[in-house]
Number of protein chains: 2
Amino acid sequence: MAQAPGWLEIPAGHPFGLAALPYGSFTTARHAAEHRVGVAVGDQILDLSTAASRFLPGRADLFSSGSLDQLLGAGDAAWAQVRAEIGKWLTDEAYRDGIEDLLVPAAEAELRLPFTVADYVDFYASEHHASNIGRMFRPESEPLTPNWRHLPIGYHGRSGTVVVSGTEVRRPCGQVKPAGHVSPVFGPSARLDFEAELGFVVGTPSHLGEPVRASKFAEHVFGVCLVNDWSARDIQGWEYVPLGPFLGKSFATTVSPWVLPLAALEHARVRPPSRDAELLGYLAESDDWGFDIQFEVRLNGHLISRPPYATMYWSPAQMLAHMTVNGASLRTGDLYASGTVSGPERGQRGSLIELAWSGREPISLPDGTTRSWLEDGDQVDIAATAAGPGGSRIGLGQACGTIMSAESHPA
Amino acid sequence: MAQAPGWLEIPAGHPFGLAALPYGSFTTARHAAEHRVGVAVGDQILDLSTAASRFLPGRADLFSSGSLDQLLGAGDAAWAQVRAEIGKWLTDEAYRDGIEDLLVPAAEAELRLPFTVADYVDFYASEHHASNIGRMFRPESEPLTPNWRHLPIGYHGRSGTVVVSGTEVRRPCGQVKPAGHVSPVFGPSARLDFEAELGFVVGTPSHLGEPVRASKFAEHVFGVCLVNDWSARDIQGWEYVPLGPFLGKSFATTVSPWVLPLAALEHARVRPPSRDAELLGYLAESDDWGFDIQFEVRLNGHLISRPPYATMYWSPAQMLAHMTVNGASLRTGDLYASGTVSGPERGQRGSLIELAWSGREPISLPDGTTRSWLEDGDQVDIAATAAGPGGSRIGLGQACGTIMSAESHPA
């Protein structure tokens, strides 16, 4: 056990050290109905709803609802103030007595959906992922559609089915059209997949009719979380022309319980890959950086992929600028995700359809079984760390889910 | 002036007679910050927030927020009870003294967005519209994609930019790729369009993982409203492959201020057109009916189209069953729209792209001008009536919007 600066002991190298301080919502067994805002620190959670009422009473209303909604809407000055205060409480001996009893062992807490999701948008920002999918879904065409290098392609998903890590995911039923069939058939998806993504959580809203420039990214985006955009490839393949994915995606989207504020990612900023096409002005503004965030995807505990976020073609600020360039407004709680994070190497692919190449190259697990698609009972854990100060790594937590068998349902 | 049954005078044939009683949210000049739930009756609005506290105190909490959210979530038994009570108040002389002073002239009220939109889904349920669009967007292919007759195609839209009738709509900017150009260009949309649609407002939520059968339609859907799914065809045409419409639609969606409960539509039920393909079980359940709802679209006051909702291929219950067959849950406030209502005749097309055939057959207006697309300052009014008792027509109100010029924005 190394001594962190100040009074609080945090194991050395812990992903939730003092440089991280992600926010979430939790309950405890003793107060199961009472949602509280918490900050993860080491293996403990600081009950921020109570801490703020003690030491930051002027901001206590930001945490009284037990979700992050009020903090998200409070704006970047409040975000900075609250983070600075928490850092002080956890290090300055003067606060020890008033804070130490508000630390709850993480193992005793139930983590909740951290904020109310307003609109959910999913992008398609990895060149490697989009190229792989294009090769598999449209083998007769160029892998990337002609628009891909000119704009970050995105679409709206279902915000009502965004669930927190740990929520079981029921295998969806739906229409699929097997090769060679004249008509579609109904049944449980046989091509269930995951997609490892980074999510951006909007705090400060914008006005309808007023585009948000890329340079305003840090004023509007509060932080990041992990996203698993579960996908039923067979349902998606039959439905998605011409209006895009719908039921192949809308059954569930898992997010990590911890939202890591942008302030924790200052050391993780990296230049995005060089662009092949000249960009239109609103996408070519200066604030163009990605993140050194390293994903790890585990299937039933076995590491199957390490997607590097730094390889993403479109930057977070470009996605924001594009999403609003038509005047669409932002609301507090909007969530936009990067799309599957896939690097150039096979071991860096962020979805099973890519790793097993649409079933043609099944992956092997240590128990001797293979997977082309997810089976009932399979557990997918998506974790990530970001570059922190002094070569350290900062944790983003995990987005986990286990597949339940399909509901029996009349075909 | 004909005497309606009971004490309240309503002009004969008024679209908001006692058989309609749609719900909305309004403010008055005297109480501009105080949103109230109202019921339209004739040219007046009954202040339901106050009326319920007088005569239905056990349900007064359903109206205290000033939006329909609580009523929507209260379930079908409450919906029936409240409607029956309102009918009694407006006819039984015993309530006259306590109700008459709660009638606000509609001309003095400002109508608000009637409910908080949770998820917004847009379908594509008109065979005539989908065929017309297919012919224009994909002239080299069959007009209808192979999946069209097997499932009601839909996609998620942006709920945060759903606005109430009367809200001005700013012309969006975005990327378009003019024919013959190598690269896209940025600028105001030159192909701005409307889409006349019917919207279904979900009241009772459902559980994640549990499909909602078509036969449960009336338990979950509270009522209907009018929708204008404004569309920038040039932006949409460049962006929509492969993930569907995004910025071409997300800048604004206008809804009527009045939500007409399903109970008012009992006389409007009609059989949908016969289906050409055998349907899978979850779409072939018994509760398969459409609505005799007649739309009227006016451009700058001039009637340009009369789309008949009765010609829609996919029924409202089929859309609901499809949207949830993968286990996607419903939330109170979900809004799903039919897609453009277009009949088989030219004068029944519900969008300008169809009426003017993508600019090849501009429509003429009485002022001597023509339109291929909407111009700045153009006002689009979508109105509709449904078949009511005894050959009467019941009003759904209007969804209106005027086009503002594009924001100047760096390209």
# chains A, B, ... in the order shown; residues from 1 in each chain; ligands from 1

$ select_by_dssp --residues "region 90-266 of chain B" --states "alpha helix (DSSP H)" --output "number ranges by chain"
B: 96-100, 127-137, 217-220, 233-239

$ interface_residues --of "chain A" --to "chain B" --cutoff "8 Å" --atoms "only C-alpha atoms" --output "PDB file with N, CA, C and O atoms, in the first residue's frame"
ATOM      1  N   ALA A 118     -30.694  11.971 -22.207  1.00  0.00           N
ATOM      2  CA  ALA A 118     -31.622  12.753 -23.046  1.00  0.00           C
ATOM      3  C   ALA A 118     -31.615  12.111 -24.440  1.00  0.00           C
ATOM      4  O   ALA A 118     -32.239  11.081 -24.635  1.00  0.00           O
ATOM      5  N   ASP A 119     -30.909  12.661 -25.411  1.00  0.00           N
ATOM      6  CA  ASP A 119     -30.791  11.990 -26.704  1.00  0.00           C
ATOM      7  C   ASP A 119     -29.501  11.179 -26.750  1.00  0.00           C
ATOM      8  O   ASP A 119     -28.467  11.602 -26.221  1.00  0.00           O
ATOM      9  N   THR A 145     -18.154   4.121 -47.477  1.00  0.00           N
ATOM     10  CA  THR A 145     -19.053   4.862 -48.363  1.00  0.00           C
ATOM     11  C   THR A 145     -18.399   6.211 -48.723  1.00  0.00           C
ATOM     12  O   THR A 145     -17.521   6.707 -47.995  1.00  0.00           O
ATOM     13  N   ASN A 147     -19.137   9.217 -48.419  1.00  0.00           N
ATOM     14  CA  ASN A 147     -19.223  10.314 -47.455  1.00  0.00           C
ATOM     15  C   ASN A 147     -18.313  10.125 -46.236  1.00  0.00           C
ATOM     16  O   ASN A 147     -18.084  11.073 -45.487  1.00  0.00           O
ATOM     17  N   HIS A 150     -15.613  12.562 -45.238  1.00  0.00           N
ATOM     18  CA  HIS A 150     -16.014  13.972 -45.248  1.00  0.00           C
ATOM     19  C   HIS A 150     -16.830  14.372 -44.025  1.00  0.00           C
ATOM     20  O   HIS A 150     -16.915  15.551 -43.683  1.00  0.00           O
ATOM     21  N   ILE A 153     -20.144  10.036 -39.671  1.00  0.00           N
ATOM     22  CA  ILE A 153     -21.478   9.461 -39.827  1.00  0.00           C
ATOM     23  C   ILE A 153     -22.020   9.092 -38.442  1.00  0.00           C
ATOM     24  O   ILE A 153     -21.302   8.545 -37.611  1.00  0.00           O
ATOM     25  N   GLY A 154     -23.281   9.397 -38.223  1.00  0.00           N
ATOM     26  CA  GLY A 154     -23.911   9.055 -36.952  1.00  0.00           C
ATOM     27  C   GLY A 154     -25.397   8.854 -37.138  1.00  0.00           C
ATOM     28  O   GLY A 154     -25.951   9.131 -38.215  1.00  0.00           O
ATOM     29  N   TYR A 155     -26.041   8.362 -36.101  1.00  0.00           N
ATOM     30  CA  TYR A 155     -27.491   8.169 -36.120  1.00  0.00           C
ATOM     31  C   TYR A 155     -27.977   8.192 -34.679  1.00  0.00           C
ATOM     32  O   TYR A 155     -27.194   8.022 -33.739  1.00  0.00           O
ATOM     33  N   HIS A 156     -29.262   8.398 -34.514  1.00  0.00           N
ATOM     34  CA  HIS A 156     -29.840   8.404 -33.170  1.00  0.00           C
ATOM     35  C   HIS A 156     -30.194   6.994 -32.734  1.00  0.00           C
ATOM     36  O   HIS A 156     -30.758   6.222 -33.506  1.00  0.00           O
ATOM     37  N   GLY A 157     -29.884   6.688 -31.475  1.00  0.00           N
ATOM     38  CA  GLY A 157     -30.275   5.417 -30.873  1.00  0.00           C
ATOM     39  C   GLY A 157     -31.377   5.633 -29.846  1.00  0.00           C
ATOM     40  O   GLY A 157     -31.917   6.739 -29.715  1.00  0.00           O
ATOM     41  N   ARG A 158     -31.712   4.570 -29.133  1.00  0.00           N
ATOM     42  CA  ARG A 158     -32.830   4.618 -28.185  1.00  0.00           C
ATOM     43  C   ARG A 158     -32.304   4.921 -26.790  1.00  0.00           C
ATOM     44  O   ARG A 158     -31.665   4.082 -26.161  1.00  0.00           O
ATOM     45  N   SER A 159     -32.596   6.105 -26.286  1.00  0.00           N
ATOM     46  CA  SER A 159     -32.061   6.476 -24.980  1.00  0.00           C
ATOM     47  C   SER A 159     -32.774   5.743 -23.853  1.00  0.00           C
ATOM     48  O   SER A 159     -32.197   5.548 -22.780  1.00  0.00           O
ATOM     49  N   GLY A 160     -34.007   5.297 -24.085  1.00  0.00           N
ATOM     50  CA  GLY A 160     -34.764   4.623 -23.035  1.00  0.00           C
ATOM     51  C   GLY A 160     -34.263   3.237 -22.695  1.00  0.00           C
ATOM     52  O   GLY A 160     -34.672   2.659 -21.691  1.00  0.00           O
ATOM     53  N   THR A 161     -33.390   2.687 -23.518  1.00  0.00           N
ATOM     54  CA  THR A 161     -32.857   1.356 -23.236  1.00  0.00           C
ATOM     55  C   THR A 161     -31.358   1.409 -22.941  1.00  0.00           C
ATOM     56  O   THR A 161     -30.667   0.400 -23.061  1.00  0.00           O
ATOM     57  N   VAL A 169     -28.688  -8.606 -20.175  1.00  0.00           N
ATOM     58  CA  VAL A 169     -29.185  -8.243 -21.508  1.00  0.00           C
ATOM     59  C   VAL A 169     -29.884  -9.455 -22.108  1.00  0.00           C
ATOM     60  O   VAL A 169     -29.266 -10.510 -22.289  1.00  0.00           O
ATOM     61  N   ARG A 170     -31.161  -9.292 -22.367  1.00  0.00           N
ATOM     62  CA  ARG A 170     -31.914 -10.397 -22.945  1.00  0.00           C
ATOM     63  C   ARG A 170     -31.663 -10.466 -24.456  1.00  0.00           C
ATOM     64  O   ARG A 170     -31.719  -9.448 -25.134  1.00  0.00           O
ATOM     65  N   PRO A 172     -32.334 -10.517 -28.065  1.00  0.00           N
ATOM     66  CA  PRO A 172     -33.545 -10.030 -28.739  1.00  0.00           C
ATOM     67  C   PRO A 172     -34.072 -11.022 -29.774  1.00  0.00           C
ATOM     68  O   PRO A 172     -33.305 -11.777 -30.364  1.00  0.00           O
ATOM     69  N   CYS A 173     -35.381 -11.001 -29.959  1.00  0.00           N
ATOM     70  CA  CYS A 173     -35.994 -11.686 -31.085  1.00  0.00           C
ATOM     71  C   CYS A 173     -36.258 -10.666 -32.184  1.00  0.00           C
ATOM     72  O   CYS A 173     -36.317  -9.470 -31.937  1.00  0.00           O
ATOM     73  N   GLY A 174     -36.456 -11.176 -33.376  1.00  0.00           N
ATOM     74  CA  GLY A 174     -36.773 -10.267 -34.461  1.00  0.00           C
ATOM     75  C   GLY A 174     -36.778 -10.970 -35.792  1.00  0.00           C
ATOM     76  O   GLY A 174     -36.618 -12.188 -35.869  1.00  0.00           O
ATOM     77  N   PRO A 184     -38.546 -13.531 -44.777  1.00  0.00           N
ATOM     78  CA  PRO A 184     -37.861 -13.494 -43.481  1.00  0.00           C
ATOM     79  C   PRO A 184     -38.468 -14.503 -42.519  1.00  0.00           C
ATOM     80  O   PRO A 184     -39.603 -14.951 -42.703  1.00  0.00           O
ATOM     81  N   VAL A 185     -37.723 -14.846 -41.497  1.00  0.00           N
ATOM     82  CA  VAL A 185     -38.214 -15.703 -40.421  1.00  0.00           C
ATOM     83  C   VAL A 185     -38.053 -14.947 -39.107  1.00  0.00           C
ATOM     84  O   VAL A 185     -37.282 -13.989 -39.013  1.00  0.00           O
ATOM     85  N   PHE A 186     -38.808 -15.411 -38.102  1.00  0.00           N
ATOM     86  CA  PHE A 186     -38.790 -14.758 -36.798  1.00  0.00           C
ATOM     87  C   PHE A 186     -38.121 -15.665 -35.778  1.00  0.00           C
ATOM     88  O   PHE A 186     -38.365 -16.865 -35.748  1.00  0.00           O
ATOM     89  N   LEU A 208     -31.542  25.953 -29.760  1.00  0.00           N
ATOM     90  CA  LEU A 208     -32.006  25.467 -31.051  1.00  0.00           C
ATOM     91  C   LEU A 208     -31.685  26.502 -32.131  1.00  0.00           C
ATOM     92  O   LEU A 208     -31.924  27.692 -31.952  1.00  0.00           O
ATOM     93  N   GLY A 209     -31.125  26.020 -33.222  1.00  0.00           N
ATOM     94  CA  GLY A 209     -30.794  26.903 -34.332  1.00  0.00           C
ATOM     95  C   GLY A 209     -29.384  27.440 -34.285  1.00  0.00           C
ATOM     96  O   GLY A 209     -28.961  28.136 -35.214  1.00  0.00           O
ATOM     97  N   GLU A 210     -28.633  27.125 -33.215  1.00  0.00           N
ATOM     98  CA  GLU A 210     -27.277  27.674 -33.070  1.00  0.00           C
ATOM     99  C   GLU A 210     -26.247  26.554 -32.999  1.00  0.00           C
ATOM    100  O   GLU A 210     -26.123  25.879 -31.974  1.00  0.00           O
ATOM    101  N   TRP A 238     -31.009  -7.182 -42.019  1.00  0.00           N
ATOM    102  CA  TRP A 238     -32.259  -7.244 -42.789  1.00  0.00           C
ATOM    103  C   TRP A 238     -33.018  -5.925 -42.753  1.00  0.00           C
ATOM    104  O   TRP A 238     -33.702  -5.548 -43.688  1.00  0.00           O
ATOM    105  N   GLU A 239     -32.865  -5.166 -41.686  1.00  0.00           N
ATOM    106  CA  GLU A 239     -33.702  -3.978 -41.497  1.00  0.00           C
ATOM    107  C   GLU A 239     -33.059  -2.672 -41.952  1.00  0.00           C
ATOM    108  O   GLU A 239     -33.758  -1.690 -42.157  1.00  0.00           O
ATOM    109  N   TYR A 240     -31.725  -2.604 -42.091  1.00  0.00           N
ATOM    110  CA  TYR A 240     -31.056  -1.304 -42.014  1.00  0.00           C
ATOM    111  C   TYR A 240     -31.078  -0.499 -43.312  1.00  0.00           C
ATOM    112  O   TYR A 240     -30.741   0.694 -43.284  1.00  0.00           O
ATOM    113  N   VAL A 241     -31.483  -1.086 -44.421  1.00  0.00           N
ATOM    114  CA  VAL A 241     -31.626  -0.298 -45.650  1.00  0.00           C
ATOM    115  C   VAL A 241     -33.104   0.038 -45.816  1.00  0.00           C
ATOM    116  O   VAL A 241     -33.948  -0.864 -45.782  1.00  0.00           O
ATOM    117  N   PRO A 242     -33.502   1.304 -45.981  1.00  0.00           N
ATOM    118  CA  PRO A 242     -32.654   2.475 -46.201  1.00  0.00           C
ATOM    119  C   PRO A 242     -32.526   3.414 -44.998  1.00  0.00           C
ATOM    120  O   PRO A 242     -31.816   4.397 -45.120  1.00  0.00           O
ATOM    121  N   LEU A 243     -33.162   3.137 -43.852  1.00  0.00           N
ATOM    122  CA  LEU A 243     -33.196   4.168 -42.811  1.00  0.00           C
ATOM    123  C   LEU A 243     -32.266   3.903 -41.633  1.00  0.00           C
ATOM    124  O   LEU A 243     -32.308   4.604 -40.627  1.00  0.00           O
ATOM    125  N   GLY A 244     -31.406   2.877 -41.744  1.00  0.00           N
ATOM    126  CA  GLY A 244     -30.391   2.674 -40.719  1.00  0.00           C
ATOM    127  C   GLY A 244     -30.780   1.652 -39.663  1.00  0.00           C
ATOM    128  O   GLY A 244     -31.878   1.090 -39.675  1.00  0.00           O
ATOM    129  N   PRO A 245     -29.870   1.395 -38.701  1.00  0.00           N
ATOM    130  CA  PRO A 245     -30.118   0.402 -37.654  1.00  0.00           C
ATOM    131  C   PRO A 245     -31.265   0.839 -36.750  1.00  0.00           C
ATOM    132  O   PRO A 245     -31.412   2.021 -36.452  1.00  0.00           O
ATOM    133  N   PHE A 246     -32.061  -0.127 -36.317  1.00  0.00           N
ATOM    134  CA  PHE A 246     -33.207   0.189 -35.457  1.00  0.00           C
ATOM    135  C   PHE A 246     -33.293  -0.899 -34.381  1.00  0.00           C
ATOM    136  O   PHE A 246     -32.635  -0.809 -33.355  1.00  0.00           O
ATOM    137  N   LEU A 247     -34.040  -1.978 -34.658  1.00  0.00           N
ATOM    138  CA  LEU A 247     -34.215  -3.016 -33.644  1.00  0.00           C
ATOM    139  C   LEU A 247     -32.946  -3.836 -33.415  1.00  0.00           C
ATOM    140  O   LEU A 247     -32.802  -4.475 -32.371  1.00  0.00           O
ATOM    141  N   GLY A 248     -32.042  -3.820 -34.384  1.00  0.00           N
ATOM    142  CA  GLY A 248     -30.777  -4.530 -34.202  1.00  0.00           C
ATOM    143  C   GLY A 248     -29.897  -3.899 -33.134  1.00  0.00           C
ATOM    144  O   GLY A 248     -28.894  -4.492 -32.724  1.00  0.00           O
ATOM    145  N   SER A 250     -31.607  -1.395 -30.633  1.00  0.00           N
ATOM    146  CA  SER A 250     -32.391  -0.661 -29.620  1.00  0.00           C
ATOM    147  C   SER A 250     -32.754  -1.486 -28.401  1.00  0.00           C
ATOM    148  O   SER A 250     -33.359  -0.955 -27.469  1.00  0.00           O
ATOM    149  N   PHE A 251     -32.407  -2.778 -28.355  1.00  0.00           N
ATOM    150  CA  PHE A 251     -32.820  -3.607 -27.213  1.00  0.00           C
ATOM    151  C   PHE A 251     -32.025  -3.293 -25.951  1.00  0.00           C
ATOM    152  O   PHE A 251     -32.529  -3.505 -24.840  1.00  0.00           O
ATOM    153  N   ALA A 252     -30.794  -2.827 -26.088  1.00  0.00           N
ATOM    154  CA  ALA A 252     -30.008  -2.476 -24.896  1.00  0.00           C
ATOM    155  C   ALA A 252     -28.695  -1.815 -25.301  1.00  0.00           C
ATOM    156  O   ALA A 252     -28.075  -2.197 -26.301  1.00  0.00           O
ATOM    157  N   LEU A 280     -14.241  20.354 -44.530  1.00  0.00           N
ATOM    158  CA  LEU A 280     -14.981  21.606 -44.524  1.00  0.00           C
ATOM    159  C   LEU A 280     -14.723  22.344 -43.213  1.00  0.00           C
ATOM    160  O   LEU A 280     -14.392  21.747 -42.195  1.00  0.00           O
ATOM    161  N   GLY A 281     -14.879  23.669 -43.259  1.00  0.00           N
ATOM    162  CA  GLY A 281     -14.442  24.534 -42.167  1.00  0.00           C
ATOM    163  C   GLY A 281     -14.889  24.143 -40.779  1.00  0.00           C
ATOM    164  O   GLY A 281     -14.101  24.155 -39.825  1.00  0.00           O
ATOM    165  N   TYR A 282     -16.139  23.777 -40.632  1.00  0.00           N
ATOM    166  CA  TYR A 282     -16.648  23.507 -39.275  1.00  0.00           C
ATOM    167  C   TYR A 282     -16.028  22.253 -38.675  1.00  0.00           C
ATOM    168  O   TYR A 282     -16.102  22.043 -37.472  1.00  0.00           O
ATOM    169  N   MET A 323     -22.747  17.153 -35.155  1.00  0.00           N
ATOM    170  CA  MET A 323     -24.081  16.833 -34.619  1.00  0.00           C
ATOM    171  C   MET A 323     -24.957  18.062 -34.495  1.00  0.00           C
ATOM    172  O   MET A 323     -26.188  17.962 -34.508  1.00  0.00           O
ATOM    173  N   VAL A 325     -24.288  21.120 -36.346  1.00  0.00           N
ATOM    174  CA  VAL A 325     -24.048  22.115 -37.392  1.00  0.00           C
ATOM    175  C   VAL A 325     -25.341  22.508 -38.096  1.00  0.00           C
ATOM    176  O   VAL A 325     -25.432  23.587 -38.708  1.00  0.00           O
ATOM    177  N   ASN A 326     -26.354  21.656 -38.009  1.00  0.00           N
ATOM    178  CA  ASN A 326     -27.658  21.977 -38.611  1.00  0.00           C
ATOM    179  C   ASN A 326     -28.546  22.764 -37.646  1.00  0.00           C
ATOM    180  O   ASN A 326     -29.715  22.983 -37.941  1.00  0.00           O
ATOM    181  N   GLY A 327     -28.005  23.145 -36.508  1.00  0.00           N
ATOM    182  CA  GLY A 327     -28.798  23.895 -35.540  1.00  0.00           C
ATOM    183  C   GLY A 327     -29.452  23.029 -34.484  1.00  0.00           C
ATOM    184  O   GLY A 327     -30.118  23.556 -33.591  1.00  0.00           O
ATOM    185  N   ALA A 328     -29.282  21.708 -34.565  1.00  0.00           N
ATOM    186  CA  ALA A 328     -29.849  20.832 -33.529  1.00  0.00           C
ATOM    187  C   ALA A 328     -29.270  21.243 -32.179  1.00  0.00           C
ATOM    188  O   ALA A 328     -28.062  21.457 -32.052  1.00  0.00           O
ATOM    189  N   SER A 329     -30.120  21.351 -31.192  1.00  0.00           N
ATOM    190  CA  SER A 329     -29.689  21.789 -29.867  1.00  0.00           C
ATOM    191  C   SER A 329     -29.223  20.603 -29.034  1.00  0.00           C
ATOM    192  O   SER A 329     -29.576  19.454 -29.290  1.00  0.00           O
ATOM    193  N   LEU A 330     -28.391  20.922 -28.051  1.00  0.00           N
ATOM    194  CA  LEU A 330     -27.937  19.947 -27.058  1.00  0.00           C
ATOM    195  C   LEU A 330     -28.776  20.107 -25.797  1.00  0.00           C
ATOM    196  O   LEU A 330     -29.159  21.230 -25.446  1.00  0.00           O
ATOM    197  N   ARG A 331     -29.011  19.004 -25.115  1.00  0.00           N
ATOM    198  CA  ARG A 331     -29.634  19.051 -23.799  1.00  0.00           C
ATOM    199  C   ARG A 331     -28.691  18.423 -22.777  1.00  0.00           C
ATOM    200  O   ARG A 331     -27.889  17.543 -23.100  1.00  0.00           O
ATOM    201  N   GLU A 407     -36.629 -14.327 -24.570  1.00  0.00           N
ATOM    202  CA  GLU A 407     -38.001 -14.546 -24.103  1.00  0.00           C
ATOM    203  C   GLU A 407     -38.691 -15.466 -25.102  1.00  0.00           C
ATOM    204  O   GLU A 407     -38.558 -15.287 -26.312  1.00  0.00           O
ATOM    205  N   PRO A 410     -44.397 -15.751 -29.328  1.00  0.00           N
ATOM    206  CA  PRO A 410     -45.006 -16.357 -30.526  1.00  0.00           C
ATOM    207  C   PRO A 410     -44.397 -15.779 -31.789  1.00  0.00           C
ATOM    208  O   PRO A 410     -44.232 -14.574 -31.920  1.00  0.00           O
ATOM    209  N   ALA A 411     -44.027 -16.652 -32.690  1.00  0.00           N
ATOM    210  CA  ALA A 411     -43.495 -16.188 -33.974  1.00  0.00           C
ATOM    211  C   ALA A 411     -44.649 -15.808 -34.867  1.00  0.00           C
ATOM    212  O   ALA A 411     -44.461 -15.512 -36.013  1.00  0.00           O
TER     213      ALA A 411
END

$ select_by_dssp --residues "region 271-337 of chain B" --states "strand (DSSP E or B)" --output "count of residues only"
17

$ closest_residue --among "B:Glu9, B:Glu219, B:Glu100, B:Asp61" --to "Val202 (chain B)" --atoms "only C-alpha atoms"
B:Glu219

$ closest_residue --among "A:Pro261, A:Gly391, A:Gly42, A:Pro344" --to "Asn132 (chain A)" --atoms "only C-alpha atoms"
A:Pro344

$ closest_residue --among "B:Gly350, B:Pro257, B:Gly13, B:Gly38" --to "Ile304 (chain B)" --atoms "only C-alpha atoms"
B:Gly350
